[in-house]
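Below: the structure, in structure tokens.
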2 protein chains.
Amino acid sequence: MSLIVQKFGGTSVADAERVMNVARIVTDTYAKGNDVVVVVSAQGDFTDVLVDKQMEINPKASKREQDMLLAAGEQISIALLAMAIEKLGYHATSLLGWQAGFNTSSAHTAARIKSVDPSRIQEAIDRRNIVVVAGFQGVNKRGDITTLGRGGSDTSAVAIAAAMHADLCQIYTDVEGVFTADPRKVENAKKLDEISYDEMLELATLGAQVLNNRSVEMAKKYNIELEVLSSLTQAPGTIVKEKTKMEKMLISGVAKDTEVARISVKGVPNTPGIAFKMFSRLAKKGINVDIILQSIGQHDKKDISFTVAKSHGQAAVDALEDYVISHGASEILLDEDVAKISIVGAGMESHAGVAAKMFEALYEAQINIRMISTSEIKISVLINADDADAAVRAIHRKFFD
Amino acid sequence: MSLIVQKFGGTSVADAERVMNVARIVTDTYAKGNDVVVVVSAQGDFTDVLVDKQMEINPKASKREQDMLLAAGEQISIALLAMAIEKLGYHATSLLGWQAGFNTSSAHTAARIKSVDPSRIQEAIDRRNIVVVAGFQGVNKRGDITTLGRGGSDTSAVAIAAAMHADLCQIYTDVEGVFTADPRKVENAKKLDEISYDEMLELATLGAQVLNNRSVEMAKKYNIELEVLSSLTQAPGTIVKEKTKMEKMLISGVAKDTEVARISVKGVPNTPGIAFKMFSRLAKKGINVDIILQSIGQHDKKDISFTVAKSHGQAAVDALEDYVISHGASEILLDEDVAKISIVGAGMESHAGVAAKMFEALYEAQINIRMISTSEIKISVLINADDADAAVRAIHRKFFD
């Protein structure tokens, strides 16, 4: 008998029919002799419905009250899923974040899980109940409702799996697993049977959007085996774990990220400390910088370019503009029409020529590379947004066909 | 400085505009130097939306999960009202039932409040916050969410007023107060300035539907002054308290209850114990009997008639039919086309002729009286449902015009 944690996203529980479908998956797993803890998100677009209600009343409401509002979404879906499980003849207990022992920091709308006390979950399992837990939410030490921010339900599922030493944590989604590229865009995209935590982390960071990064980091830290699979087909998905059985794959996937912006500061005087102060100003605003390119220009001037999340683009310009101009820079430019294309693969470390092969694919497709960044298992290039899908197809063809 | 508890029902917070209206009432009260605790229900028909969701999935879901589902309704409305109060420039803290210290019995969907620990409410008041509490809900000793059943938000408000020794508990509704009859049906219905707890209890029981009975009982027990008033006009409403300033009114109101059914058992043998056993069978099924009429018939037979809530009518027949027929009764009849009309007034005790005046009004209107029941401060008659509105108007004219 195993303990299995299963997580279902909002689209998987969007209406009564889908809730019943999830209940069948859950009870099938239970009927095979497993203990099951299910983590669910709010139904379909219900979170948007709640946000619209807020916007009508007060767009600048306190984050504490935003959390109070949004947490109602999962409350509805856990109750409905528990009812669906009862309908199939099994016992179910739904638990809110605070009931399931999720103690978090007080950073409303983006709280961190500090600890999970699974005693109520365990007590319900001991009574042979299937336990349905509200993802995305917890409680701080004052007893206020908190939420974990984007992708928080994945993190909730992995946190329970870690706290309860679960044998497997299954993340059900609307795709069949992790693919070598987005299967909606690339015809020959292949599903991976396995992928390592590190590769998955790079893919998640790079916009593959299959798993939330915090959840993969936590799975890696506690060595929780993850499976990404579809709630519709129930075919075997992709296993994410420390060491994959296969030879290290040369590359495991091609990812596209269009939520990126490029900022260029032109004509910065070549004096020490200016670049450092620029980036420390951004850090103070909570703006993460990704690729950085510094080019030596003429007359002791240089150009500094870097990428940030598109949502931080204007804020980054605002934070820097007065400073760099008053220190002699000629201009600061924001370009939001860019995309980051990356290849990820644990095999890169020991194989030369991977970068050359990627650049050759882009050259053949007549796509211009504007910035490059590399790590041990990743190569990223910044290109024009219009070229993004063509670039992914060209690179995928080069490596996988 | 006073502590005022204000309660707003679902229609008062049905949409963004009404939520802002409530926020203005609340902040006006606060700005006058009062501490304010607000209790709100779920928005408009949101509870029906949730019940529909349940019905699609599992009409026979466990009551624990029903409570989990329904409690999400108030969670949404307290967050929205707190946001609206923030919008007006005041500090607000919303609290769920369990956060506000509502400890209840474990009777899901109809829990009783066992105690209220208002320490978190007080702590927020001490920080100069307006506190917005979810009505209708609490938590049992296991930490499960419970709901209080119909009219529970009124009870929540009075319970907070009692626990915190509030100076006043205002129940905002869609009528301007307690009237001598339903103002939508009776042209000359008058708003009462004051009414005693006992009169209010009789009127609530009798279908006047202004205040939930449990809340009035609790207000009487803890001597909490209630005010029933409109959230739209904000005109002074009706004060409910122990002793009214006025002379005891002869009668304070005329009420109609159409949710009643009459059951007649014909030709019961006149042997001891049969009536007792009939009513003990009903009691075992949880069916309350109201008016009872026993008439002596011919040949040592008698007829027993009584009224029950319409929703219990068929169940009462089912519980009795075999028993009474096998003990010699000739038939059992269920009549759902009846209405109970009552007059209530503390002044009845010391005034003769009130009943005669009521019956005269009905006689003049050619309305047949089928059963009569009296108490110190109440006279009820059972009539045909078709005559109900005419009866209320005739009686009201007799006493108030």
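In the structure tokens, the first chain shown is A, the next is B, and so on; residue numbers restart at 1 for each chain, and ligands run from 1 in the order shown.
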Taking only C-alpha atoms into account, report as a compact mmCIF listing (two decimals) with C-alpha atoms, in the first residue's frame which residues of chain A lie within 10 Å of chain B.
# COMPACT_ATOMS: atom_id res chain seq x y z
CA ASP A 15 -17.68 21.96 -13.96
CA ALA A 16 -19.74 19.15 -12.43
CA GLU A 17 -18.78 16.65 -15.14
CA VAL A 19 -15.35 17.12 -10.93
CA MET A 20 -16.93 13.67 -11.34
CA LEU A 50 -13.56 36.90 -7.63
CA LYS A 53 -15.69 41.46 -7.89
CA GLN A 54 -12.74 43.04 -6.11
CA MET A 55 -11.91 45.36 -9.02
CA GLU A 56 -15.46 46.70 -9.05
CA ILE A 57 -15.13 47.68 -5.40
CA ASN A 58 -11.50 48.45 -4.67
CA PRO A 59 -8.59 47.67 -7.03
CA LYS A 60 -6.15 48.70 -4.29
CA ALA A 61 -7.61 46.53 -1.52
CA SER A 62 -5.19 45.26 1.11
CA LYS A 63 -3.47 41.98 0.31
CA ARG A 64 -4.86 40.43 3.49
CA GLU A 65 -8.39 40.91 2.18
CA GLN A 66 -7.40 39.73 -1.31
CA ASP A 67 -6.26 36.47 0.29
CA MET A 68 -9.50 36.20 2.27
CA LEU A 69 -11.45 36.62 -0.97
CA LEU A 70 -9.44 34.28 -3.19
CA ALA A 71 -9.23 31.46 -0.64
CA ALA A 72 -13.00 30.99 -1.01
CA GLY A 73 -12.33 29.55 -4.46
CA GLU A 74 -10.59 26.38 -3.30
CA GLN A 75 -13.09 26.03 -0.46
CA ILE A 76 -15.83 25.55 -3.05
CA SER A 77 -13.85 23.06 -5.15
CA ILE A 78 -12.74 20.86 -2.23
CA ALA A 79 -16.32 20.60 -0.96
CA LEU A 80 -17.62 19.71 -4.43
CA LEU A 81 -14.90 17.10 -5.02
CA ALA A 82 -15.53 15.54 -1.60
CA MET A 83 -19.25 15.37 -2.48
CA ALA A 84 -18.41 13.72 -5.82
CA ILE A 85 -16.25 11.12 -4.04
CA GLU A 86 -19.12 10.44 -1.60
CA LYS A 87 -21.42 10.03 -4.61
CA LEU A 88 -19.17 7.18 -5.81
CA HIS A 91 -15.69 8.44 2.42
CA ALA A 92 -14.12 11.84 1.88
CA THR A 93 -12.98 14.68 4.12
CA SER A 94 -12.21 18.10 2.71
CA LEU A 95 -9.71 20.30 4.55
CA LEU A 96 -8.89 23.97 4.10
CA TRP A 98 -5.34 25.97 7.86
CA GLN A 99 -7.07 22.68 8.70
CA ARG A 120 -5.48 16.13 10.57
CA ARG A 142 -1.67 35.31 13.60
CA GLY A 143 -4.33 33.00 12.19
CA ASP A 144 -4.90 35.06 9.02
CA ILE A 145 -5.64 33.32 5.72
Reference chain A, mobile chain B, all Cα atoms fitted, written as a short mmCIF file (atom, residue, chain, number, x, y, z; two decimals) with C-alpha atoms, in the first residue's frame:
data_model
loop_
_atom_site.label_atom_id
_atom_site.label_comp_id
_atom_site.auth_asym_id
_atom_site.auth_seq_id
_atom_site.Cartn_x
_atom_site.Cartn_y
_atom_site.Cartn_z
CA MET B 1 0.07 -0.12 -0.11
CA SER B 2 1.35 3.28 -1.13
CA LEU B 3 0.50 6.82 -0.16
CA ILE B 4 -0.19 8.84 -3.30
CA VAL B 5 -0.77 12.59 -3.46
CA GLN B 6 -2.74 13.72 -6.53
CA LYS B 7 -3.13 17.33 -7.57
CA PHE B 8 -5.77 18.64 -9.98
CA GLY B 9 -5.81 22.17 -11.39
CA GLY B 10 -8.78 24.46 -11.93
CA THR B 11 -9.63 23.27 -15.45
CA SER B 12 -9.81 19.66 -14.19
CA VAL B 13 -12.64 20.59 -11.78
CA ALA B 14 -14.29 23.34 -13.86
CA ASP B 15 -17.79 21.81 -13.89
CA ALA B 16 -19.82 18.96 -12.41
CA GLU B 17 -18.84 16.51 -15.14
CA ARG B 18 -15.13 17.16 -14.68
CA VAL B 19 -15.42 16.96 -10.91
CA MET B 20 -16.97 13.49 -11.36
CA ASN B 21 -14.11 12.57 -13.73
CA VAL B 22 -11.57 13.55 -11.08
CA ALA B 23 -13.53 11.60 -8.45
CA ARG B 24 -13.27 8.50 -10.65
CA ILE B 25 -9.48 8.87 -11.02
CA VAL B 26 -9.11 9.34 -7.29
CA THR B 27 -11.35 6.43 -6.28
CA ASP B 28 -9.69 4.14 -8.87
CA THR B 29 -6.35 4.89 -7.23
CA TYR B 30 -7.85 4.24 -3.78
CA ALA B 31 -9.56 1.03 -4.92
CA LYS B 32 -6.16 -0.33 -5.97
CA GLY B 33 -5.20 -0.31 -2.29
CA ASN B 34 -3.52 3.09 -1.99
CA ASP B 35 -4.07 5.84 0.53
CA VAL B 36 -4.92 8.98 -1.40
CA VAL B 37 -4.62 12.68 -0.59
CA VAL B 38 -6.02 14.96 -3.31
CA VAL B 39 -5.10 18.61 -3.66
CA VAL B 40 -7.39 20.82 -5.78
CA SER B 41 -7.44 24.38 -7.03
CA ALA B 42 -10.45 26.67 -7.41
CA GLN B 43 -12.87 25.77 -10.20
CA GLY B 44 -12.05 26.97 -13.73
CA ASP B 45 -12.31 30.74 -13.89
CA PHE B 46 -13.87 31.15 -10.44
CA THR B 47 -10.79 32.99 -9.18
CA ASP B 48 -11.35 35.53 -11.98
CA VAL B 49 -14.98 35.90 -10.91
CA LEU B 50 -13.81 36.71 -7.38
CA VAL B 51 -11.15 39.15 -8.61
CA ASP B 52 -13.81 40.91 -10.71
CA LYS B 53 -15.97 41.26 -7.59
CA GLN B 54 -13.04 42.85 -5.77
CA MET B 55 -12.23 45.21 -8.67
CA GLU B 56 -15.80 46.53 -8.69
CA ILE B 57 -15.49 47.45 -5.02
CA ASN B 58 -11.87 48.25 -4.27
CA PRO B 59 -8.94 47.53 -6.63
CA LYS B 60 -6.52 48.56 -3.87
CA ALA B 61 -7.96 46.36 -1.14
CA SER B 62 -5.54 45.07 1.49
CA LYS B 63 -3.78 41.82 0.65
CA ARG B 64 -5.16 40.21 3.80
CA GLU B 65 -8.70 40.69 2.50
CA GLN B 66 -7.68 39.54 -1.00
CA ASP B 67 -6.52 36.28 0.55
CA MET B 68 -9.77 35.95 2.52
CA LEU B 69 -11.70 36.39 -0.72
CA LEU B 70 -9.66 34.08 -2.95
CA ALA B 71 -9.44 31.25 -0.45
CA ALA B 72 -13.20 30.75 -0.83
CA GLY B 73 -12.51 29.35 -4.32
CA GLU B 74 -10.75 26.18 -3.17
CA GLN B 75 -13.25 25.77 -0.34
CA ILE B 76 -15.98 25.29 -2.95
CA SER B 77 -13.98 22.85 -5.07
CA ILE B 78 -12.85 20.62 -2.17
CA ALA B 79 -16.44 20.32 -0.91
CA LEU B 80 -17.72 19.45 -4.40
CA LEU B 81 -14.97 16.88 -5.00
CA ALA B 82 -15.60 15.26 -1.60
CA MET B 83 -19.31 15.07 -2.49
CA ALA B 84 -18.45 13.47 -5.84
CA ILE B 85 -16.28 10.87 -4.09
CA GLU B 86 -19.15 10.15 -1.67
CA LYS B 87 -21.44 9.75 -4.68
CA LEU B 88 -19.16 6.92 -5.92
CA GLY B 89 -19.57 5.17 -2.58
CA TYR B 90 -16.35 6.13 -0.81
CA HIS B 91 -15.72 8.15 2.33
CA ALA B 92 -14.17 11.56 1.83
CA THR B 93 -13.05 14.38 4.12
CA SER B 94 -12.32 17.82 2.75
CA LEU B 95 -9.84 20.02 4.61
CA LEU B 96 -9.04 23.71 4.21
CA GLY B 97 -5.44 24.88 4.27
CA TRP B 98 -5.54 25.69 7.99
CA GLN B 99 -7.23 22.37 8.80
CA ALA B 100 -4.65 20.46 6.74
CA GLY B 101 -1.87 22.04 8.81
CA PHE B 102 -0.41 24.53 6.32
CA ASN B 103 1.47 27.07 8.40
CA THR B 104 2.81 29.89 6.28
CA SER B 105 4.58 33.20 6.49
CA SER B 106 2.43 36.34 6.78
CA ALA B 107 3.24 37.60 3.27
CA HIS B 108 -0.37 37.78 2.08
CA THR B 109 -0.93 36.79 -1.60
CA ALA B 110 2.59 35.32 -1.78
CA ALA B 111 3.06 33.41 1.47
CA ARG B 112 5.77 30.76 1.92
CA ILE B 113 4.97 27.43 3.53
CA LYS B 114 6.82 27.28 6.86
CA SER B 115 5.64 23.85 7.95
CA VAL B 116 2.95 21.28 7.27
CA ASP B 117 1.45 19.42 10.22
CA PRO B 118 -0.42 16.56 8.51
CA SER B 119 -2.01 15.14 11.68
CA ARG B 120 -5.60 15.83 10.60
CA ILE B 121 -4.90 14.40 7.15
CA GLN B 122 -3.39 11.28 8.76
CA GLU B 123 -6.30 10.96 11.15
CA ALA B 124 -8.77 11.00 8.24
CA ILE B 125 -6.65 8.46 6.32
CA ASP B 126 -6.66 6.24 9.40
CA ARG B 127 -10.48 6.32 9.25
CA ARG B 128 -10.14 5.02 5.62
CA ASN B 129 -11.17 8.38 4.14
CA ILE B 130 -9.93 9.87 0.89
CA VAL B 131 -8.69 13.29 1.95
CA VAL B 132 -9.35 16.34 -0.25
CA VAL B 133 -7.16 19.31 0.60
CA ALA B 134 -7.54 22.92 -0.55
CA GLY B 135 -4.40 23.89 -2.44
CA PHE B 136 -2.92 27.39 -2.62
CA GLN B 137 -3.86 28.36 0.93
CA GLY B 138 -2.68 28.26 4.53
CA VAL B 139 -2.77 30.19 7.76
CA ASN B 140 -0.19 32.45 9.40
CA LYS B 141 0.75 32.41 13.08
CA ARG B 142 -1.97 34.99 13.85
CA GLY B 143 -4.60 32.68 12.40
CA ASP B 144 -5.17 34.77 9.27
CA ILE B 145 -5.88 33.06 5.94
CA THR B 146 -2.96 33.32 3.50
CA THR B 147 -2.48 32.27 -0.12
CA LEU B 148 0.69 31.01 -1.77
CA GLY B 149 0.56 32.94 -5.02
CA ARG B 150 0.78 31.67 -8.57
CA GLY B 151 1.10 27.90 -8.95
CA GLY B 152 0.59 27.51 -5.22
CA SER B 153 -1.48 24.35 -5.52
CA ASP B 154 1.45 22.43 -7.02
CA THR B 155 3.52 23.54 -4.06
CA SER B 156 0.76 22.48 -1.64
CA ALA B 157 0.73 19.00 -3.17
CA VAL B 158 4.50 18.55 -2.98
CA ALA B 159 4.56 19.91 0.58
CA ILE B 160 2.04 17.29 1.69
CA ALA B 161 3.98 14.57 -0.15
CA ALA B 162 7.14 15.70 1.66
CA ALA B 163 5.52 15.97 5.11
CA MET B 164 3.87 12.56 4.81
CA HIS B 165 6.72 10.79 2.97
CA ALA B 166 4.40 9.95 0.10
CA ASP B 167 5.51 7.38 -2.45
CA LEU B 168 4.44 9.49 -5.43
CA CYS B 169 3.05 12.94 -6.14
CA GLN B 170 0.98 13.09 -9.33
CA ILE B 171 0.34 16.50 -10.89
CA TYR B 172 -2.68 16.17 -13.19
CA THR B 173 -2.93 18.83 -15.86
CA ASP B 174 -4.37 19.35 -19.35
CA VAL B 175 -1.28 18.05 -21.16
CA GLU B 176 0.03 14.48 -21.14
CA GLY B 177 3.38 15.28 -19.62
CA VAL B 178 6.53 17.26 -20.28
CA PHE B 179 7.33 17.60 -23.98
CA THR B 180 10.48 18.43 -25.89
CA ALA B 181 8.62 21.56 -27.05
CA ASP B 182 5.11 22.98 -26.86
CA PRO B 183 3.04 20.26 -28.64
CA ARG B 184 0.48 22.85 -29.80
CA LYS B 185 3.21 24.66 -31.75
CA VAL B 186 5.69 21.98 -32.75
CA GLU B 187 4.37 19.04 -34.70
CA ASN B 188 6.99 16.47 -33.74
CA ALA B 189 7.21 17.41 -30.07
CA LYS B 190 7.83 14.23 -28.06
CA LYS B 191 6.64 13.40 -24.58
CA LEU B 192 9.51 12.69 -22.20
CA ASP B 193 9.22 9.58 -20.01
CA GLU B 194 11.57 11.04 -17.42
CA ILE B 195 13.30 14.30 -16.66
CA SER B 196 15.57 15.39 -13.83
CA TYR B 197 14.61 18.04 -11.27
CA ASP B 198 17.29 20.41 -12.60
CA GLU B 199 16.14 20.14 -16.18
CA MET B 200 12.53 20.61 -15.09
CA LEU B 201 13.53 23.70 -13.11
CA GLU B 202 15.21 25.25 -16.13
CA LEU B 203 12.23 24.45 -18.33
CA ALA B 204 9.78 25.90 -15.81
CA THR B 205 11.81 29.07 -15.47
CA LEU B 206 11.95 29.36 -19.21
CA GLY B 207 8.25 29.51 -19.78
CA ALA B 208 7.34 25.88 -20.37
CA GLN B 209 4.58 26.43 -17.78
CA VAL B 210 4.04 22.78 -16.94
CA LEU B 211 5.03 22.81 -13.30
CA ASN B 212 5.45 25.65 -10.87
CA ASN B 213 9.10 26.21 -10.01
CA ARG B 214 8.68 26.34 -6.24
CA SER B 215 7.05 22.91 -6.34
CA VAL B 216 9.94 21.41 -8.33
CA GLU B 217 12.48 22.99 -5.97
CA MET B 218 10.66 21.50 -3.02
CA ALA B 219 10.38 18.08 -4.71
CA LYS B 220 14.14 18.16 -5.36
CA LYS B 221 14.90 19.19 -1.77
CA TYR B 222 12.81 16.37 -0.26
CA ASN B 223 13.43 13.92 -3.12
CA ILE B 224 9.72 13.50 -3.94
CA GLU B 225 9.05 11.66 -7.18
CA LEU B 226 6.66 13.71 -9.32
CA GLU B 227 4.56 12.55 -12.23
CA VAL B 228 3.04 15.06 -14.65
CA LEU B 229 0.07 13.56 -16.50
CA SER B 230 -3.29 14.35 -18.07
CA SER B 231 -6.58 14.10 -16.16
CA LEU B 232 -8.35 13.35 -19.46
CA THR B 233 -6.32 10.53 -21.01
CA GLN B 234 -4.77 9.04 -17.85
CA ALA B 235 -1.91 7.71 -20.00
CA PRO B 236 1.46 7.45 -18.21
CA GLY B 237 2.97 10.90 -18.00
CA THR B 238 6.46 12.25 -17.33
CA ILE B 239 8.31 11.27 -14.16
CA VAL B 240 10.40 14.03 -12.57
CA LYS B 241 13.13 12.72 -10.27
CA GLU B 242 16.76 13.13 -9.26
CA LYS B 243 18.46 10.63 -11.55
CA THR B 244 16.81 9.50 -14.70
CA LYS B 245 17.26 5.91 -15.83
CA MET B 246 18.24 6.93 -19.33
CA GLU B 247 21.59 8.19 -20.45
CA LYS B 248 21.66 11.86 -19.82
CA MET B 249 19.71 13.25 -22.72
CA LEU B 250 21.61 15.65 -24.90
CA ILE B 251 18.75 18.06 -24.65
CA SER B 252 15.38 17.42 -23.06
CA GLY B 253 13.41 20.31 -24.41
CA VAL B 254 13.06 23.59 -26.23
CA ALA B 255 11.19 26.36 -24.41
CA LYS B 256 9.91 29.77 -25.38
CA ASP B 257 9.37 32.74 -23.05
CA THR B 258 7.71 35.85 -24.49
CA GLU B 259 7.13 37.51 -21.12
CA VAL B 260 10.49 39.19 -21.34
CA ALA B 261 11.74 42.69 -22.19
CA ARG B 262 15.16 43.98 -23.16
CA ILE B 263 16.55 47.20 -21.78
CA SER B 264 19.58 48.87 -23.37
CA VAL B 265 21.57 51.66 -21.81
CA LYS B 266 23.72 53.30 -24.48
CA GLY B 267 26.97 55.19 -24.10
CA VAL B 268 27.68 54.50 -20.42
CA PRO B 269 31.05 56.02 -19.33
CA ASN B 270 33.56 53.25 -18.70
CA THR B 271 34.07 54.10 -15.03
CA PRO B 272 33.93 51.49 -12.28
CA GLY B 273 30.79 51.05 -10.20
CA ILE B 274 28.18 52.33 -12.62
CA ALA B 275 26.97 48.89 -13.69
CA PHE B 276 26.98 47.70 -10.09
CA LYS B 277 24.89 50.68 -8.98
CA MET B 278 22.44 50.20 -11.83
CA PHE B 279 21.75 46.60 -10.86
CA SER B 280 21.59 47.35 -7.15
CA ARG B 281 18.91 49.97 -7.91
CA LEU B 282 16.89 47.31 -9.72
CA ALA B 283 17.40 44.80 -6.92
CA LYS B 284 16.02 47.32 -4.42
CA LYS B 285 12.83 47.53 -6.50
CA GLY B 286 12.56 43.74 -6.53
CA ILE B 287 13.31 43.54 -10.26
CA ASN B 288 15.19 40.41 -11.30
CA VAL B 289 17.65 40.73 -14.15
CA ASP B 290 18.25 37.71 -16.37
CA ILE B 291 20.68 37.89 -19.34
CA ILE B 292 23.26 40.71 -19.17
CA LEU B 293 25.37 41.82 -22.11
CA GLN B 294 28.05 44.45 -21.87
CA SER B 295 29.71 45.65 -25.01
CA ILE B 296 32.73 47.89 -25.22
CA GLY B 297 32.01 50.92 -27.34
CA GLN B 298 34.15 53.78 -28.59
CA HIS B 299 35.78 56.62 -26.62
CA ASP B 300 35.66 54.86 -23.25
CA LYS B 301 31.92 54.36 -23.51
CA LYS B 302 30.05 51.07 -23.30
CA ASP B 303 26.54 49.75 -23.89
CA ILE B 304 24.82 47.66 -21.19
CA SER B 305 21.83 45.54 -22.16
CA PHE B 306 19.86 43.19 -19.99
CA THR B 307 16.51 41.38 -19.85
CA VAL B 308 13.81 41.57 -17.20
CA ALA B 309 10.28 40.20 -16.98
CA LYS B 310 8.04 42.16 -19.34
CA SER B 311 5.85 43.21 -16.41
CA HIS B 312 8.90 44.93 -14.87
CA GLY B 313 10.12 46.60 -18.08
CA GLN B 314 8.78 50.10 -17.55
CA ALA B 315 9.56 50.03 -13.82
CA ALA B 316 13.17 49.17 -14.64
CA VAL B 317 13.44 52.11 -17.03
CA ASP B 318 11.86 54.43 -14.46
CA ALA B 319 14.28 53.23 -11.79
CA LEU B 320 17.34 53.85 -13.96
CA GLU B 321 16.63 56.66 -16.40
CA ASP B 322 17.57 59.74 -14.35
CA TYR B 323 20.56 57.97 -12.83
CA VAL B 324 22.17 56.77 -16.07
CA ILE B 325 21.50 59.98 -18.00
CA SER B 326 22.94 62.13 -15.18
CA HIS B 327 26.00 59.85 -15.21
CA GLY B 328 26.64 60.42 -18.87
CA ALA B 329 24.72 57.69 -20.70
CA SER B 330 23.22 58.85 -23.97
CA GLU B 331 19.91 56.98 -23.83
CA ILE B 332 17.94 54.11 -22.32
CA LEU B 333 15.72 51.94 -24.54
CA LEU B 334 12.96 49.46 -23.72
CA ASP B 335 12.16 46.71 -26.24
CA GLU B 336 9.19 44.51 -25.39
CA ASP B 337 9.05 42.70 -28.74
CA VAL B 338 11.57 40.05 -27.81
CA ALA B 339 11.44 36.38 -26.89
CA LYS B 340 13.83 34.09 -25.09
CA ILE B 341 14.34 30.64 -26.62
CA SER B 342 16.16 28.07 -24.53
CA ILE B 343 17.31 24.51 -24.81
CA VAL B 344 17.73 22.48 -21.63
CA GLY B 345 19.53 19.21 -21.13
CA ALA B 346 21.66 17.55 -18.52
CA GLY B 347 23.73 16.06 -21.35
CA MET B 348 25.12 19.43 -22.41
CA GLU B 349 27.73 19.39 -19.69
CA SER B 350 29.60 16.55 -21.37
CA HIS B 351 28.82 17.22 -25.00
CA ALA B 352 30.56 19.85 -27.05
CA GLY B 353 28.85 21.37 -30.02
CA VAL B 354 25.35 21.72 -28.60
CA ALA B 355 25.46 25.51 -28.79
CA ALA B 356 26.85 25.39 -32.31
CA LYS B 357 24.03 23.09 -33.38
CA MET B 358 21.44 25.43 -31.89
CA PHE B 359 22.93 28.49 -33.55
CA GLU B 360 23.16 26.62 -36.86
CA ALA B 361 19.43 25.89 -36.66
CA LEU B 362 18.70 29.56 -36.10
CA TYR B 363 21.05 30.62 -38.89
CA GLU B 364 19.35 28.23 -41.32
CA ALA B 365 16.03 29.74 -40.37
CA GLN B 366 17.47 33.23 -40.92
CA ILE B 367 16.77 34.23 -37.32
CA ASN B 368 18.97 36.88 -35.76
CA ILE B 369 20.39 36.25 -32.27
CA ARG B 370 20.48 39.39 -30.11
CA MET B 371 21.78 38.06 -26.80
CA ILE B 372 23.10 34.74 -25.52
CA SER B 373 23.28 33.24 -22.04
CA THR B 374 24.50 29.81 -20.99
CA SER B 375 24.65 27.61 -17.91
CA GLU B 376 25.74 23.99 -17.40
CA ILE B 377 22.45 22.59 -18.63
CA LYS B 378 20.88 25.47 -20.54
CA ILE B 379 21.51 27.76 -23.50
CA SER B 380 19.21 30.76 -24.00
CA VAL B 381 19.07 33.22 -26.86
CA LEU B 382 17.12 36.44 -27.15
CA ILE B 383 15.49 37.00 -30.54
CA ASN B 384 12.67 39.11 -32.00
CA ALA B 385 9.28 38.00 -30.72
CA ASP B 386 7.98 37.52 -34.28
CA ASP B 387 10.56 34.79 -34.84
CA ALA B 388 9.83 32.85 -31.66
CA ASP B 389 7.65 30.02 -32.95
CA ALA B 390 9.81 29.51 -36.05
CA ALA B 391 12.90 29.38 -33.82
CA VAL B 392 11.42 26.71 -31.57
CA ARG B 393 10.44 24.61 -34.60
CA ALA B 394 13.86 24.99 -36.24
CA ILE B 395 15.77 24.04 -33.09
CA HIS B 396 13.42 21.17 -32.31
CA ARG B 397 13.86 19.80 -35.85
CA LYS B 398 17.62 19.99 -35.54
CA PHE B 399 17.76 18.04 -32.27
CA PHE B 400 14.78 15.69 -32.34
CA ASP B 401 13.88 14.80 -35.94
#
* To do: Select from range 5-110 of chain A everything DSSP, run on the backbone, classes as helix (DSSP H, G or I), then give the selection as number ranges by chain.
  => A: 10-13, 16-31, 46-57, 63-87
* List every residue of range 93-317 of chain A that DSSP, applied to the backbone of this structure, places in strand (DSSP E), and write the result as a PyMOL selection string. => chain A and resi 93-95+102-104+113-116+130-134+137-139+145-147+168-173+194-196+226-230+238-241+253-257+260-269+289-296+301-309
